[in-house]
Amino acid sequence: MTIVSGMFRPDLGPEVSALTAGYQLFSGVYDEMMDADGGIRPHWRAFLETLAGIGTQEPAARFAAADRHLEEAGVVYRLYGAPGAGERPWRLSPLPLILPPEEWKILEAGMLQRAALLEALLADCYGSCRLTAEGALPPALLAGSPDYLRPLVGVLPPSGRHLALYAADLVRSPSGEWRVLRDRTQAPAGLGYALENRVALARALPELFGAFAVERLAPFLDAFRSWLARLRQPGDAGIFVLTPGPFNETWFEHASLARYLGMQLVEGQDLTVRHGALYLKTVSGLVPVRVLWRRIDGAFADPLELESRSELGIPGLVEALRQGALDVANAAGSGLGEATALLGFLPALAPRLTGAPLILPNIATWWCGQKREREYVEVNAASLAIVRAFRPQPLMRRGPEGEGPILALQLPEDERAILLANIRRRGMDYAGQELITLGTMPAWREGRLEPRPFILRLFAAATSGGFTVMPGGLAFVGDEGALPGPSAFSLSIQKGARTADVWVLSPGGGSGRGAEDHSAPEAKPLPQKASGLLPSRAADNLFWLGRYTERAEAVLRLVRALAQRLTHGAGSVTPEAAGTADLLFKWGAAPAAFGVEGLAAAAGTALANAGWQGSAAAVVRAAREAALPIRNRLPPDTGHAWEELEAEICAPADPGVHALAAKANRMLRTLAAISGFQAETMHRLAGWPFLECGRRLERAIAVCRFVRQFAPEGGVSPAVAALLLELTGSQPALRPGPALDGAAPILALVLMEKGNPRALAFQVERISELAGLLTPEGVGSPAVAGAAADVAAAFHSLDAGNVNPQALLAIENQLMRLSSEICANYFSVREVLAPSSTLRRKAP
Amino acid sequence: MIYEIRQRTSYVYGSLVPFSRHLLRLTPVSRPGQKVHSRRLTIDPLPSERTDRLDFFGNRVTHIAIENPHQFLEVLTTATIEADPGSPPDPAASPPWELAAEAALSLPASDGSAPAHHLYPSRHVTLHPAILDYAAVSFPPGRPVLQAGIELVERIKQDFLYDPASTDVLTPVETAFAMRRGVCQDFAHIVLSGLRALGLAAAYASGYLRTEPPPGQPRLEGVDAMHAWALVWCGPELGWQGLDPTNGRRTDTDHIILAFGRDYADVSPIDGVIVAEGGHALRTAVDVIPISATSV
């Protein structure tokens, strides 16, 4: 297999030779760095010399720093499917793919042409349909694509353009030519990751950026943003990024690009269509939206007229598009351009639609929906990959039809016969594609360079005159050695590929641009537009996050108090312990139990058994669930703290109430840290009043509830006094001096004292302030203001010297009503799909 | 044959709905074989938004939104329709089914009634080896496509039990097939699944079927409801031909098409979203009242 190795080259110097020693080319594979004779290609020489010049140990440390940077910046990629599903740090292959100017010229021209070609094709298929009418494109080819969205036929985007962003995946053929593996017209991903890779690498290797004139990415992103901004209309609220939400594999990218480009991240539930126009639901009312950058599949954009199973879309969006009320980028039906079978037609369509043959050809493809092509594939099945004609979708499962391409050659005789019979019967479901071999590029492996197979993703964005291509991109680098044939189809991040930065060298070469331009040109995000918009759903989650955070604290304090009281009494249950347990039972934190051992078990349940919806475990989970959709609004550290808290709950516990109390104590400390992050780092405009209001409201309820439970008629024994101080967290508020004696001072401290931040009085005062500040404009809802006034009135009629359960309960009820008013006035209700009508014939 | 059709469709919500948005496919249109003389769609409560248009498949779709709190939605369709499908073609003279399949792929037509759109699996019509094998019995090599199609629906009439309790609107086609039970919707989907697995173009139609009252008795209101059947594309000359598996025969002047598409999802009489604060039970009641059926 191996025919050429890197060898000592006197002209390169010993350091470079050491780096490339053992670099083993694969036979019949084009390598980016080394030519077939083992020589280093000219555009790699200077890079290797600079890298070698950093020292032998230093690069490893630098690359590790780049990985750390990505991790700390929170760059993640979400993996689908158990086990091991979840978030994974983005993995950088630190050596860039280097593209010299003359090579870039061809790639750029080819990308511009393909983008224009697919734009013209989409315009025709959703417009005049001349290509099908004139026989240039079989109608069955459109009809078979699940991304051909029939309700959008005849709907012209106001901008006149279907593609705002286009991407292509390219491979280097053995002869050194670039070939397109697939086009990406739906909602191309990777732009944000390309940017993060560049920032991380620029920090790790400033010398390299200083030494080379690497084209910057920022101008392209500016151009893309300008294009979207051009589509805005007077009175709208900016550009919105429609994401499927935090569970999507590339949610991080959606959030980071939105931040970088100064756009607002929204989900389908945040939007609504009224009178044929699109609006954002905010706490201040409906705000018009005219430009939506779509990061969900077009078919999922409207459950009413498109994929009805979608929970990601906006009911009525297609009707709004029909009325020309907004631009969706890319246009909702643009996924059609990704149909695999289409690749068989692009070579012939290019001269017709762009006036020239393809500059960047794609891999040869034969759609079996045509007689001649089907016969060709049948005859040559052994030397082709058999693929789904459109995209992975449920087809009839018989024979060897799993995911991905099929190599007929590798099938047993009987399965091959079934496959060929399927192709003969329903050829339109299949396409044959030439087998391809990926080229290789160097990757860093334990201090040395090794060739690895890769795929290059490039991007183009719409401009008023056509398109512009990003001078850079993303290289997906395989973890294993070069695999010939269908490896190209399976190289994906889901399967463990790393990505590398892509450097396009400026014409003129040398170090023309100066280090300061390149040190971290993309690291400085453009300032986000100061936007006061607060989507209702974000406010909803913030409010409940506040309430759950406080409720978690209250439950943990109860558990700790109970556990501690069970350690004191030898064998008997004190009234305080019984009362504490009783409250946990009433809150649904554990099943009712009796006796020391029964209560100890109940305390354990109330802490860690999420099956009880009032338990600390369940409340912490609810808090995390509320936090997840709004995590781009929360300080990053709180995310880690919640994870620690959940891990703490799940950790196996030592037996015994001592250990339980200690565990509750640790968790309370973590919770205090979360509160600190929230209070100290959250921007006060970004919905913070809702979070704060939720917290104050819940804490006020808890204080009332504690007093009502333990001092219903105002009588307070020393044991109860200690318990109340502990549960309300008011010990620190005790002033130095003689111990508080009697009920009145204790109750005054936890209920009335405005200076005690744990006292009811403090909460009520904060609530009164916050109720008028909930919306960014500071104009509150009259109903909410009224409910807040009622809370204050109920509180003022409370007499610390004459506490009674009715008075406390009245305050609690007013607090609950305020919560309901906030929910009803600021949070939107979701539009749900009505069950499919069951109109059926009753009798034959 | 002229029919007067009256259909009342109503949703009753469990509680007050502050906002709803619906797509109604409840207005018949003129098509080959049927002519609409008059029609009216009455919606209560009065929608705050309403647009009417033809969809991709040529069906008349009414898009409505209701912004005021409401507890029900009632849609009344009235229409006078003349059915005249012409004389039925001779099944034995239809082209071999393989030729019809090949022609469906190559016909350069791309509108909603073009066979190309009805070749592929769709939301409710997935393809399954068992259904293919069942259908293939009627399709030996070279057999005229319409003849084979008629035999297929005759076999379904024979082999399957009409049983409204056995399935609901979301029952997968393979489940109904395995049970050998279902209603018109299930049988139509089974026919489509078998025909498409063979490579033929097959479409779904919903509409009305005249039901003869028992001798000497008046027609009872509410006896009839919506019906559904299949169509198979028989080549450029014969085009679409209706096959009614529920009754085991070809369609004729008794069949009035309300909507046409790839499967139930394309013709569903009402699709909608409502703003709901919790679980809301929806109820649907349908009355189809053919007032007269006069020969002309």
# chains A, B, ... in the order shown; residues from 1 in each chain; ligands from 1
$ residues_around --residues "Ser334 (chain A)" --least-positions-apart "4" --cutoff "7 Å" --atoms "only C-alpha atoms" --output "MDAnalysis selection string"
chainID A and resid 122 162 185:186 330
$ closest_atom_pairs --of "chain B" --to "chain A" --cutoff "8 Å" --atoms "only C-alpha atoms" --output "Markdown table"
| residue | atom | partner | partner_atom | distance |
| --- | --- | --- | --- | --- |
| B:Arg21 | CA | A:Gly316 | CA | 7.7 |
| B:His22 | CA | A:Leu304 | CA | 7.9 |
| B:Leu23 | CA | A:Leu304 | CA | 7.6 |
| B:Glu49 | CA | A:His275 | CA | 6.3 |
| B:Asp55 | CA | A:Pro151 | CA | 6.9 |
| B:Phe56 | CA | A:Arg150 | CA | 6.1 |
| B:Leu105 | CA | A:Ala140 | CA | 5.9 |
| B:Ser106 | CA | A:Pro138 | CA | 6.7 |
| B:Leu107 | CA | A:Pro139 | CA | 7.7 |
| B:Pro108 | CA | A:Ala133 | CA | 5.5 |
| B:Ala109 | CA | A:Ala133 | CA | 6.2 |
| B:Ser110 | CA | A:Pro139 | CA | 5.3 |
| B:Ala116 | CA | A:Ala140 | CA | 4.5 |
| B:His117 | CA | A:Ala143 | CA | 5.0 |
| B:Leu119 | CA | A:Ala140 | CA | 7.9 |
| B:Tyr120 | CA | A:Gly144 | CA | 6.2 |
| B:Pro121 | CA | A:Leu395 | CA | 7.4 |
| B:Thr126 | CA | A:Leu395 | CA | 7.3 |
| B:Leu127 | CA | A:Met396 | CA | 4.9 |
| B:His128 | CA | A:Met396 | CA | 5.3 |
| B:Pro129 | CA | A:Arg398 | CA | 6.7 |
| B:Tyr162 | CA | A:Pro844 | CA | 7.6 |
| B:Pro164 | CA | A:Lys842 | CA | 7.0 |
| B:Asp168 | CA | A:Thr838 | CA | 7.5 |
| B:Val169 | CA | A:Thr838 | CA | 6.1 |
| B:Val183 | CA | A:Arg841 | CA | 7.2 |
| B:Cys184 | CA | A:Arg841 | CA | 6.9 |
| B:Gln185 | CA | A:Arg840 | CA | 7.5 |
| B:Ala197 | CA | A:Arg426 | CA | 7.2 |
| B:Leu198 | CA | A:Arg425 | CA | 6.2 |
| B:Gly199 | CA | A:Arg426 | CA | 5.4 |
| B:Val223 | CA | A:Lys842 | CA | 7.5 |
| B:Asp224 | CA | A:Arg841 | CA | 7.0 |
| B:Ala225 | CA | A:Arg841 | CA | 4.7 |
| B:Met226 | CA | A:Arg841 | CA | 5.0 |
| B:His227 | CA | A:Arg841 | CA | 5.3 |
| B:Thr246 | CA | A:Pro844 | CA | 6.5 |
| B:Asn247 | CA | A:Pro844 | CA | 6.8 |
| B:Ser268 | CA | A:Ser837 | CA | 7.3 |
| B:Pro269 | CA | A:Ser837 | CA | 7.3 |
| B:Ile270 | CA | A:Ser837 | CA | 6.1 |
| B:Asp271 | CA | A:Ser836 | CA | 6.3 |
| B:Gly272 | CA | A:Ala834 | CA | 5.3 |
| B:Val273 | CA | A:Leu833 | CA | 4.2 |
| B:Ile274 | CA | A:Glu831 | CA | 5.3 |
| B:Val275 | CA | A:Glu831 | CA | 4.3 |
| B:Ala276 | CA | A:Glu831 | CA | 6.7 |
| B:Glu277 | CA | A:Val829 | CA | 6.7 |
| B:Leu282 | CA | A:Pro835 | CA | 7.3 |
| B:Thr284 | CA | A:Thr838 | CA | 6.8 |
| B:Ala285 | CA | A:Leu839 | CA | 7.9 |
| B:Val286 | CA | A:Leu839 | CA | 7.0 |
$ write_last_selection --atoms "N, CA and C atoms" --output "short mmCIF file (atom, residue, chain, number, x, y, z; two decimals), in the first residue's frame"
data_model
loop_
_atom_site.label_atom_id
_atom_site.label_comp_id
_atom_site.auth_asym_id
_atom_site.auth_seq_id
_atom_site.Cartn_x
_atom_site.Cartn_y
_atom_site.Cartn_z
N ARG B 21 -56.57 28.15 14.03
CA ARG B 21 -56.24 28.32 12.62
C ARG B 21 -56.51 26.99 11.94
N HIS B 22 -57.24 27.02 10.85
CA HIS B 22 -57.60 25.76 10.21
C HIS B 22 -57.43 25.83 8.70
N LEU B 23 -57.18 24.66 8.12
CA LEU B 23 -57.24 24.47 6.68
C LEU B 23 -58.47 23.61 6.41
N GLU B 49 -59.77 35.79 9.69
CA GLU B 49 -58.98 35.75 8.46
C GLU B 49 -59.55 34.64 7.60
N ASP B 55 -55.08 24.21 -4.15
CA ASP B 55 -53.77 23.72 -3.71
C ASP B 55 -53.07 23.01 -4.86
N PHE B 56 -51.88 22.46 -4.57
CA PHE B 56 -51.06 21.84 -5.61
C PHE B 56 -51.82 20.76 -6.37
N LEU B 105 -43.26 7.36 -15.15
CA LEU B 105 -41.96 7.95 -14.83
C LEU B 105 -41.51 8.95 -15.89
N SER B 106 -41.93 8.75 -17.11
CA SER B 106 -41.33 9.57 -18.16
C SER B 106 -42.26 10.67 -18.67
N LEU B 107 -43.51 10.68 -18.28
CA LEU B 107 -44.43 11.72 -18.76
C LEU B 107 -43.96 13.11 -18.31
N PRO B 108 -43.75 14.04 -19.25
CA PRO B 108 -43.22 15.34 -18.84
C PRO B 108 -44.31 16.28 -18.31
N ALA B 109 -45.03 15.88 -17.31
CA ALA B 109 -46.03 16.75 -16.70
C ALA B 109 -45.74 16.81 -15.22
N SER B 110 -45.85 18.00 -14.63
CA SER B 110 -45.45 18.12 -13.23
C SER B 110 -46.53 18.74 -12.35
N ALA B 116 -46.32 11.41 -11.79
CA ALA B 116 -45.04 11.44 -11.08
C ALA B 116 -45.20 11.63 -9.58
N HIS B 117 -46.20 12.42 -9.19
CA HIS B 117 -46.35 12.74 -7.77
C HIS B 117 -46.97 11.60 -6.97
N LEU B 119 -46.12 8.24 -7.32
CA LEU B 119 -45.32 7.03 -7.46
C LEU B 119 -44.64 6.61 -6.16
N TYR B 120 -44.50 7.57 -5.24
CA TYR B 120 -43.61 7.35 -4.11
C TYR B 120 -44.37 7.06 -2.83
N PRO B 121 -43.68 6.50 -1.85
CA PRO B 121 -44.31 6.36 -0.54
C PRO B 121 -44.71 7.75 -0.03
N THR B 126 -46.89 3.80 3.24
CA THR B 126 -45.54 3.28 3.24
C THR B 126 -45.55 1.94 2.50
N LEU B 127 -44.39 1.50 2.08
CA LEU B 127 -44.32 0.29 1.26
C LEU B 127 -43.84 -0.89 2.11
N HIS B 128 -44.46 -2.04 1.88
CA HIS B 128 -44.15 -3.22 2.69
C HIS B 128 -44.15 -4.47 1.83
N PRO B 129 -43.16 -5.33 2.04
CA PRO B 129 -43.08 -6.56 1.24
C PRO B 129 -44.39 -7.36 1.26
N TYR B 162 -64.93 -5.18 6.81
CA TYR B 162 -65.20 -3.78 7.12
C TYR B 162 -65.52 -3.67 8.60
N PRO B 164 -65.30 -0.65 11.52
CA PRO B 164 -64.91 0.70 11.98
C PRO B 164 -64.22 0.69 13.33
N ASP B 168 -58.17 3.50 13.44
CA ASP B 168 -58.51 4.92 13.48
C ASP B 168 -57.70 5.64 12.41
N VAL B 169 -57.84 6.97 12.32
CA VAL B 169 -57.19 7.69 11.22
C VAL B 169 -55.68 7.50 11.16
N VAL B 183 -61.48 0.40 7.44
CA VAL B 183 -62.56 1.11 6.76
C VAL B 183 -62.02 1.59 5.42
N CYS B 184 -62.83 2.40 4.70
CA CYS B 184 -62.47 2.79 3.35
C CYS B 184 -61.07 3.40 3.27
N GLN B 185 -60.74 4.23 4.28
CA GLN B 185 -59.43 4.88 4.27
C GLN B 185 -58.30 3.86 4.30
N ALA B 197 -45.73 -0.04 -4.72
CA ALA B 197 -44.62 -0.97 -4.56
C ALA B 197 -44.29 -1.64 -5.90
N LEU B 198 -45.31 -1.79 -6.74
CA LEU B 198 -45.09 -2.37 -8.07
C LEU B 198 -44.50 -1.35 -9.05
N GLY B 199 -44.46 -0.09 -8.65
CA GLY B 199 -43.92 0.95 -9.52
C GLY B 199 -45.00 1.73 -10.25
N VAL B 223 -76.92 8.87 7.52
CA VAL B 223 -76.48 7.52 7.18
C VAL B 223 -75.15 7.58 6.44
N ASP B 224 -75.06 8.55 5.58
CA ASP B 224 -73.85 8.65 4.78
C ASP B 224 -72.78 9.46 5.49
N ALA B 225 -71.55 9.13 5.19
CA ALA B 225 -70.44 9.95 5.64
C ALA B 225 -69.46 10.03 4.49
N MET B 226 -68.27 10.50 4.76
CA MET B 226 -67.33 10.60 3.65
C MET B 226 -66.80 9.24 3.27
N HIS B 227 -66.47 9.13 2.00
CA HIS B 227 -65.95 7.89 1.48
C HIS B 227 -64.54 8.15 0.93
N THR B 246 -63.46 -0.73 -0.99
CA THR B 246 -64.48 -0.98 0.03
C THR B 246 -65.68 -1.72 -0.57
N ASN B 247 -65.96 -1.35 -1.83
CA ASN B 247 -67.09 -1.99 -2.48
C ASN B 247 -66.65 -3.00 -3.55
N SER B 268 -57.29 15.56 3.92
CA SER B 268 -57.94 15.67 5.22
C SER B 268 -58.88 16.88 5.25
N PRO B 269 -60.18 16.69 5.55
CA PRO B 269 -61.15 17.78 5.42
C PRO B 269 -60.83 18.99 6.30
N ILE B 270 -60.30 18.72 7.51
CA ILE B 270 -59.93 19.83 8.39
C ILE B 270 -58.60 19.52 9.04
N ASP B 271 -57.65 20.44 8.91
CA ASP B 271 -56.43 20.38 9.70
C ASP B 271 -56.38 21.67 10.48
N GLY B 272 -55.91 21.60 11.71
CA GLY B 272 -55.91 22.86 12.43
C GLY B 272 -54.97 22.90 13.62
N VAL B 273 -54.70 24.10 14.05
CA VAL B 273 -53.99 24.30 15.31
C VAL B 273 -54.88 25.18 16.18
N ILE B 274 -54.88 24.88 17.46
CA ILE B 274 -55.63 25.71 18.39
C ILE B 274 -54.72 26.10 19.54
N VAL B 275 -54.99 27.23 20.12
CA VAL B 275 -54.29 27.58 21.34
C VAL B 275 -55.04 26.90 22.47
N ALA B 276 -54.36 26.00 23.14
CA ALA B 276 -55.02 25.23 24.18
C ALA B 276 -54.16 25.24 25.43
N GLU B 277 -54.81 25.31 26.55
CA GLU B 277 -54.03 25.39 27.79
C GLU B 277 -53.84 24.03 28.43
N LEU B 282 -61.57 16.86 21.34
CA LEU B 282 -62.24 17.39 20.17
C LEU B 282 -63.26 16.38 19.67
N THR B 284 -66.04 15.42 16.54
CA THR B 284 -66.39 15.69 15.16
C THR B 284 -67.69 14.98 14.82
N ALA B 285 -68.56 15.66 14.17
CA ALA B 285 -69.80 15.03 13.72
C ALA B 285 -70.01 15.37 12.26
N VAL B 286 -70.40 14.41 11.50
CA VAL B 286 -70.55 14.61 10.07
C VAL B 286 -71.93 14.16 9.61
#
$ residues_around --residues "Ala561 (chain A)" --least-positions-apart "3" --cutoff "12 Å" --atoms "only C-alpha atoms" --output "PyMOL selection string"
chain A and resi 554-558+564-568+574+576-581+583-584+599-600+603+607+657-658+660-662+664-665+719-720+722-729
$ closest_residue --among "A:Leu231, A:Ala793, A:Ala785, A:Met111" --to "Asp183 (chain A)" --atoms "only C-alpha atoms"
A:Met111
$ residues_around --residues "Ile98 (chain A)" --least-positions-apart "2" --cutoff "7 Å" --atoms "only C-alpha atoms" --output "number ranges by chain"
A: 96, 100, 502-504
$ residues_around --residues "Ser113 (chain B)" --least-positions-apart "2" --cutoff "7 Å" --atoms "only C-alpha atoms" --output "PDB file with all heavy atoms, in the first residue's frame"
ATOM      1  N   PHE B  57     -52.689  20.043  -5.653  1.00  0.00           N
ATOM      2  CA  PHE B  57     -53.398  18.928  -6.276  1.00  0.00           C
ATOM      3  C   PHE B  57     -54.730  19.350  -6.885  1.00  0.00           C
ATOM      4  O   PHE B  57     -55.519  18.512  -7.293  1.00  0.00           O
ATOM      5  CB  PHE B  57     -53.600  17.805  -5.256  1.00  0.00           C
ATOM      6  CG  PHE B  57     -52.302  17.196  -4.815  1.00  0.00           C
ATOM      7  CD1 PHE B  57     -51.760  17.502  -3.570  1.00  0.00           C
ATOM      8  CD2 PHE B  57     -51.594  16.361  -5.664  1.00  0.00           C
ATOM      9  CE1 PHE B  57     -50.547  16.952  -3.178  1.00  0.00           C
ATOM     10  CE2 PHE B  57     -50.374  15.810  -5.272  1.00  0.00           C
ATOM     11  CZ  PHE B  57     -49.850  16.106  -4.030  1.00  0.00           C
ATOM     12  N   ASP B 111     -47.738  18.948 -12.876  1.00  0.00           N
ATOM     13  CA  ASP B 111     -48.790  19.478 -12.003  1.00  0.00           C
ATOM     14  C   ASP B 111     -49.272  18.373 -11.061  1.00  0.00           C
ATOM     15  O   ASP B 111     -48.845  17.228 -11.156  1.00  0.00           O
ATOM     16  CB  ASP B 111     -49.945  20.017 -12.847  1.00  0.00           C
ATOM     17  CG  ASP B 111     -50.609  18.924 -13.642  1.00  0.00           C
ATOM     18  OD1 ASP B 111     -50.032  18.494 -14.676  1.00  0.00           O
ATOM     19  OD2 ASP B 111     -51.679  18.461 -13.219  1.00  0.00           O
ATOM     20  N   PRO B 115     -48.817  11.826 -12.966  1.00  0.00           N
ATOM     21  CA  PRO B 115     -48.572  10.568 -12.249  1.00  0.00           C
ATOM     22  C   PRO B 115     -47.299  10.596 -11.406  1.00  0.00           C
ATOM     23  O   PRO B 115     -47.219   9.903 -10.394  1.00  0.00           O
ATOM     24  CB  PRO B 115     -48.468   9.534 -13.371  1.00  0.00           C
ATOM     25  CG  PRO B 115     -48.211  10.317 -14.626  1.00  0.00           C
ATOM     26  CD  PRO B 115     -48.874  11.644 -14.424  1.00  0.00           C
TER      27      PRO B 115
END
$ select_by_dssp --residues "region 7-206 of chain B" --states "strand (DSSP E or B)" --output "ChimeraX atom specification"
/B:7-17,20-27,31,34-44,49-54,60-66,70-83,96,144,161-162,181-182,202-206
$ residues_around --residues "region 742-751 of chain A" --least-positions-apart "3" --cutoff "9 Å" --atoms "only C-alpha atoms" --output "list of chain:residue names"
A:Val703, A:Cys704, A:Val707, A:Ala711, A:Gly714, A:Gly715, A:Val716, A:Ser717, A:Pro718, A:Ala721, A:Leu724, A:Leu725, A:Thr728, A:Gly729, A:Ser730, A:Ala733, A:Leu734, A:Lys754, A:Gly755, A:Asn756, A:Arg758, A:Ala759, A:Leu760, A:Ala761, A:Phe762, A:Ala800, A:Gly801, A:Asn802, A:Val803
$ closest_residue --among "A:Glu753, A:Asp37, A:Asp637, A:Glu553" --to "Val619 (chain A)" --atoms "only C-alpha atoms"
A:Glu553
$ atom_distance --atom1 "CA of Trp544 (chain A)" --atom2 "CA of Gly694 (chain A)"
6.3 Å
$ closest_residue --among "B:Ser15, B:Thr51, B:Thr27, B:Gln34" --to "Gln323 (chain A)" --atoms "only C-alpha atoms"
B:Thr51
$ residues_around --residues "Pro91 (chain B)" --least-positions-apart "4" --cutoff "10 Å" --atoms "only C-alpha atoms" --output "list in words"
Pro95, Pro144, Val145, Leu146, Gln147, Ala148, Gly149, Ile150 and Cys234 of chain B
$ select_by_dssp --residues "region 64-195 of chain B" --states "helix (DSSP H, G or I)" --output "MDAnalysis selection string"
chainID B and resid 91:93 97:106 115:118 129:136 145:159 173:179 184:195
$ write_last_selection --atoms "C-alpha atoms" --output "short mmCIF file (atom, residue, chain, number, x, y, z; two decimals), in the first residue's frame"
data_model
loop_
_atom_site.label_atom_id
_atom_site.label_comp_id
_atom_site.auth_asym_id
_atom_site.auth_seq_id
_atom_site.Cartn_x
_atom_site.Cartn_y
_atom_site.Cartn_z
CA PRO B 91 -60.21 -3.03 -18.84
CA ALA B 92 -58.89 -5.71 -21.16
CA ALA B 93 -57.86 -3.03 -23.64
CA TRP B 97 -49.10 -2.59 -16.27
CA GLU B 98 -45.33 -2.44 -16.84
CA LEU B 99 -45.86 0.05 -19.65
CA ALA B 100 -48.13 2.17 -17.47
CA ALA B 101 -45.43 2.20 -14.78
CA GLU B 102 -42.72 3.21 -17.25
CA ALA B 103 -44.93 5.92 -18.76
CA ALA B 104 -45.68 7.37 -15.32
CA LEU B 105 -41.96 7.95 -14.83
CA SER B 106 -41.33 9.57 -18.16
CA PRO B 115 -48.57 10.57 -12.25
CA ALA B 116 -45.04 11.44 -11.08
CA HIS B 117 -46.35 12.74 -7.77
CA HIS B 118 -48.15 9.50 -6.99
CA PRO B 129 -43.08 -6.56 1.24
CA ALA B 130 -46.24 -8.29 2.51
CA ILE B 131 -48.53 -5.81 0.75
CA LEU B 132 -46.41 -5.98 -2.39
CA ASP B 133 -46.67 -9.76 -2.43
CA TYR B 134 -50.44 -9.59 -1.94
CA ALA B 135 -50.89 -7.09 -4.77
CA ALA B 136 -48.43 -8.82 -7.10
CA VAL B 145 -53.26 -2.56 -15.79
CA LEU B 146 -56.95 -1.75 -15.27
CA GLN B 147 -57.96 -5.39 -15.36
CA ALA B 148 -55.32 -6.21 -12.75
CA GLY B 149 -56.37 -3.23 -10.61
CA ILE B 150 -60.04 -4.25 -10.64
CA GLU B 151 -59.11 -7.77 -9.61
CA LEU B 152 -57.01 -6.38 -6.76
CA VAL B 153 -59.90 -4.40 -5.26
CA GLU B 154 -62.26 -7.36 -5.74
CA ARG B 155 -59.87 -9.48 -3.71
CA ILE B 156 -59.69 -6.86 -0.98
CA LYS B 157 -63.49 -6.75 -0.79
CA GLN B 158 -63.41 -10.53 -0.39
CA ASP B 159 -60.47 -10.90 1.98
CA VAL B 173 -51.27 0.73 6.58
CA GLU B 174 -49.33 -2.42 7.45
CA THR B 175 -51.33 -2.87 10.65
CA ALA B 176 -54.67 -2.72 8.87
CA PHE B 177 -53.28 -5.06 6.25
CA ALA B 178 -52.10 -7.57 8.83
CA MET B 179 -55.50 -7.51 10.58
CA CYS B 184 -62.47 2.79 3.35
CA GLN B 185 -59.43 4.88 4.27
CA ASP B 186 -57.40 1.83 5.27
CA PHE B 187 -58.43 -0.15 2.20
CA ALA B 188 -57.56 2.73 -0.12
CA HIS B 189 -54.13 3.08 1.52
CA ILE B 190 -53.52 -0.65 1.16
CA VAL B 191 -54.32 -0.50 -2.55
CA LEU B 192 -51.99 2.48 -2.99
CA SER B 193 -49.21 0.75 -1.09
CA GLY B 194 -49.49 -2.35 -3.28
CA LEU B 195 -49.68 -0.43 -6.55
#
$ atom_distance --atom1 "CA of Thr638 (chain A)" --atom2 "CA of Leu697 (chain A)"
21.0 Å
$ atom_distance --atom1 "CA of Ile811 (chain A)" --atom2 "CA of Ile701 (chain A)"
8.0 Å
